[in-house]
Amino acid sequence: MAPGDDEKLVGALKLAGVERYALVSAENISAKLFARAPDFDVVIVLGGDGTARAAASLAPEDAPPLVLLPGGTLNILPHALYGQLSWPEALAAALERGVEKRLPAGVVNEERFFVAAMFGAPTVLARAREAAREGNLLKAIGRIRHFLRRAFMRRLRARHDEEKLRRSEAIGVLLPSFSGGVDGQNLEWVRLNARHMVDLARVSVRAIGDGWRSDPAVEISACKSGDIAAAGVIPATLDGEPRTYIERVRVEYDPVGVRVLALDSEA
C-alpha cells in the first residue's frame, strides 16, 4: 500500500455505502483473523500479489469471497480479476457488479499459490531483487554471484503427471491468473532447458511479453500435478515470494481454490 491508501480505502468504502468494516495491516493477516471472517460479507485485500496470496492462502472454506485489489508492483492477480482498473475503480466495480467465482490454486507441499511458482537457480534473482529493494546492494550483488555459480549446474530433475524425471535448469508452474484469467482446468508446466547464459538472457528478455512461450529453450505442458527433485536445496518463489525447499517438491492443482468476487468478462 502507498502512504495514505488506508484513508482512501475508508473513503471508498463509505462512498460505496459500506458502514461496518475492520481495517487490518498486511503484517497482521493470520488464521486467527480469518476466524472472524464469517461475520463479514466480503474480505477486501489491498496489496501486491504476495499480500493477496497470504490472505487467500489462509481463507477457510466458509470464508466470504475475497476482493483482491491492486496495491503492489505487478498486480497480476488483481488484473486477472478486474482488468487494468485502479484499485478504487476495481473496488467499486466488484461491490456493484462482482460475480462470485472460484479462483484455482496450486499447492506446493501443502502451501498454496495463486499466480505462479518458480523453482531453480534463476529464482535466486528474486532474492537479489528483494535485497536491492531494501537498499542492501552488497547483499543483492552477493545473491547475483550466487546465482551465477549455481546456474547451469542442472541439479533439478522434474516431471509432470506420469512422465519420467528429466533434468532441467528451472521449472515454472503457472495458474490461469498468470495469463489474465480465472477459469481453467490445468496448471501450465514450464520447463526451462537453457544450456548457456545466452539462452537464459534471451528468455529473460522475451519474458517482458509472451515471446518466451515460443522460445526453443522453453517447453510448456498442461498438467494436474508434478514433482521436482534435487540433491539438496531447491530455491523457489511462490507468487514472487522467496521459498526454500529440501530435496523434494510436490505440486498439485486445486480447482476449488478460494472464493473471490471477479468481474464477468462477458458483461
# chains A, B, ... in the order shown; residues from 1 in each chain; ligands from 1
>>> residues_around(residues="Leu68 in chain A", least_positions_apart="6", cutoff="7 Å", atoms="only C-alpha atoms", output="count of residues only")
5
>>> residues_around(residues="range 254-261 of chain A", least_positions_apart="3", cutoff="8 Å", atoms="only C-alpha atoms", output="compact mmCIF listing (two decimals) with C-alpha atoms, in the first residue's frame")
# COMPACT_ATOMS: atom_id res chain seq x y z
CA ALA A 56 -6.07 -16.20 0.06
CA ALA A 59 -9.04 -18.21 3.81
CA GLU A 61 -13.78 -22.95 3.16
CA ALA A 63 -14.78 -17.52 4.34
CA PRO A 64 -16.68 -14.83 2.43
CA PRO A 65 -15.45 -14.00 -1.09
CA LEU A 66 -12.24 -12.01 -1.38
CA VAL A 67 -11.82 -8.72 -3.23
CA LEU A 68 -8.13 -8.61 -4.17
CA LEU A 81 -9.97 -10.35 -11.61
CA ALA A 94 -16.51 -5.54 -7.54
CA GLY A 98 -18.85 -8.56 -8.98
CA VAL A 99 -19.63 -12.23 -9.64
CA GLU A 100 -18.61 -14.86 -7.12
CA LYS A 101 -16.14 -17.32 -8.62
CA ARG A 102 -13.64 -19.91 -7.51
CA LEU A 103 -10.03 -18.86 -8.04
CA PRO A 104 -7.95 -22.01 -8.73
CA ALA A 105 -4.83 -22.58 -6.67
CA GLY A 106 -1.63 -24.52 -6.92
CA VAL A 107 -0.37 -26.43 -3.90
CA GLY A 184 -9.10 -23.03 -16.02
CA GLN A 185 -8.77 -26.79 -15.78
>>> residues_around(residues="range 237-249 of chain A", least_positions_apart="5", cutoff="8 Å", atoms="only C-alpha atoms", output="PyMOL selection string")
chain A and resi 49-50+53+108-109+113-119+123+126-127+227-232
>>> write_last_selection(atoms="N, CA and C atoms", output="PDB file, in the first residue's frame")
ATOM      1  N   ASP A  49       0.778  -9.061  -5.185  1.00  0.00           N
ATOM      2  CA  ASP A  49       0.456 -10.482  -5.327  1.00  0.00           C
ATOM      3  C   ASP A  49       0.848 -11.277  -4.081  1.00  0.00           C
ATOM      4  N   GLY A  50       1.936 -10.903  -3.418  1.00  0.00           N
ATOM      5  CA  GLY A  50       2.341 -11.600  -2.205  1.00  0.00           C
ATOM      6  C   GLY A  50       1.341 -11.428  -1.091  1.00  0.00           C
ATOM      7  N   ARG A  53      -1.730 -13.436  -1.972  1.00  0.00           N
ATOM      8  CA  ARG A  53      -1.509 -14.858  -1.717  1.00  0.00           C
ATOM      9  C   ARG A  53      -1.587 -15.176  -0.233  1.00  0.00           C
ATOM     10  N   VAL A 108       1.963 -26.373  -3.246  1.00  0.00           N
ATOM     11  CA  VAL A 108       3.351 -26.826  -3.181  1.00  0.00           C
ATOM     12  C   VAL A 108       3.619 -27.323  -1.766  1.00  0.00           C
ATOM     13  N   ASN A 109       3.760 -28.636  -1.632  1.00  0.00           N
ATOM     14  CA  ASN A 109       3.993 -29.208  -0.299  1.00  0.00           C
ATOM     15  C   ASN A 109       3.009 -28.628   0.718  1.00  0.00           C
ATOM     16  N   PHE A 113      -0.516 -21.312  -3.755  1.00  0.00           N
ATOM     17  CA  PHE A 113      -0.178 -20.107  -4.515  1.00  0.00           C
ATOM     18  C   PHE A 113      -1.253 -19.918  -5.563  1.00  0.00           C
ATOM     19  N   PHE A 114      -1.337 -18.698  -6.142  1.00  0.00           N
ATOM     20  CA  PHE A 114      -2.472 -18.369  -7.000  1.00  0.00           C
ATOM     21  C   PHE A 114      -2.083 -17.757  -8.343  1.00  0.00           C
ATOM     22  N   VAL A 115      -0.804 -17.517  -8.557  1.00  0.00           N
ATOM     23  CA  VAL A 115      -0.342 -16.979  -9.837  1.00  0.00           C
ATOM     24  C   VAL A 115       0.711 -17.902 -10.452  1.00  0.00           C
ATOM     25  N   ALA A 116       1.851 -18.029  -9.794  1.00  0.00           N
ATOM     26  CA  ALA A 116       2.945 -18.818 -10.359  1.00  0.00           C
ATOM     27  C   ALA A 116       3.910 -19.248  -9.268  1.00  0.00           C
ATOM     28  N   ALA A 117       4.449 -20.450  -9.442  1.00  0.00           N
ATOM     29  CA  ALA A 117       5.548 -20.941  -8.608  1.00  0.00           C
ATOM     30  C   ALA A 117       6.732 -21.189  -9.525  1.00  0.00           C
ATOM     31  N   MET A 118       7.913 -20.796  -9.082  1.00  0.00           N
ATOM     32  CA  MET A 118       9.135 -20.975  -9.863  1.00  0.00           C
ATOM     33  C   MET A 118      10.158 -21.731  -9.029  1.00  0.00           C
ATOM     34  N   PHE A 119      10.899 -22.619  -9.680  1.00  0.00           N
ATOM     35  CA  PHE A 119      11.876 -23.447  -8.980  1.00  0.00           C
ATOM     36  C   PHE A 119      13.182 -23.482  -9.759  1.00  0.00           C
ATOM     37  N   THR A 123      15.542 -18.414  -9.645  1.00  0.00           N
ATOM     38  CA  THR A 123      14.729 -17.758  -8.610  1.00  0.00           C
ATOM     39  C   THR A 123      15.590 -17.033  -7.588  1.00  0.00           C
ATOM     40  N   ALA A 126      15.279 -13.397  -7.690  1.00  0.00           N
ATOM     41  CA  ALA A 126      14.184 -12.754  -6.957  1.00  0.00           C
ATOM     42  C   ALA A 126      14.659 -12.287  -5.589  1.00  0.00           C
ATOM     43  N   ARG A 127      15.534 -13.078  -4.968  1.00  0.00           N
ATOM     44  CA  ARG A 127      16.092 -12.682  -3.672  1.00  0.00           C
ATOM     45  C   ARG A 127      17.013 -11.468  -3.841  1.00  0.00           C
ATOM     46  N   ASP A 227       6.363 -33.193  -9.967  1.00  0.00           N
ATOM     47  CA  ASP A 227       7.362 -33.416  -8.925  1.00  0.00           C
ATOM     48  C   ASP A 227       8.679 -32.792  -9.345  1.00  0.00           C
ATOM     49  N   ILE A 228       9.382 -32.227  -8.372  1.00  0.00           N
ATOM     50  CA  ILE A 228      10.695 -31.632  -8.594  1.00  0.00           C
ATOM     51  C   ILE A 228      11.640 -32.176  -7.534  1.00  0.00           C
ATOM     52  N   ALA A 229      12.811 -32.628  -7.948  1.00  0.00           N
ATOM     53  CA  ALA A 229      13.759 -33.225  -7.015  1.00  0.00           C
ATOM     54  C   ALA A 229      15.145 -32.633  -7.236  1.00  0.00           C
ATOM     55  N   ALA A 230      15.937 -32.629  -6.180  1.00  0.00           N
ATOM     56  CA  ALA A 230      17.318 -32.147  -6.248  1.00  0.00           C
ATOM     57  C   ALA A 230      18.116 -32.835  -5.153  1.00  0.00           C
ATOM     58  N   ALA A 231      19.434 -32.758  -5.272  1.00  0.00           N
ATOM     59  CA  ALA A 231      20.302 -33.397  -4.294  1.00  0.00           C
ATOM     60  C   ALA A 231      20.367 -32.616  -2.979  1.00  0.00           C
ATOM     61  N   GLY A 232      19.854 -31.398  -2.981  1.00  0.00           N
ATOM     62  CA  GLY A 232      19.899 -30.580  -1.769  1.00  0.00           C
ATOM     63  C   GLY A 232      18.824 -29.524  -1.793  1.00  0.00           C
TER      64      GLY A 232
END
>>> atom_distance(atom1="CA of Ser168 in chain A", atom2="CA of Ser214 in chain A")
17.3 Å
>>> select_by_dssp(residues="range 17-189 of chain A", states="strand (DSSP E)", output="number ranges by chain")
A: 43-47, 66-70, 99-108, 111-113, 116-120, 156-160, 166-168, 170-174, 187-189
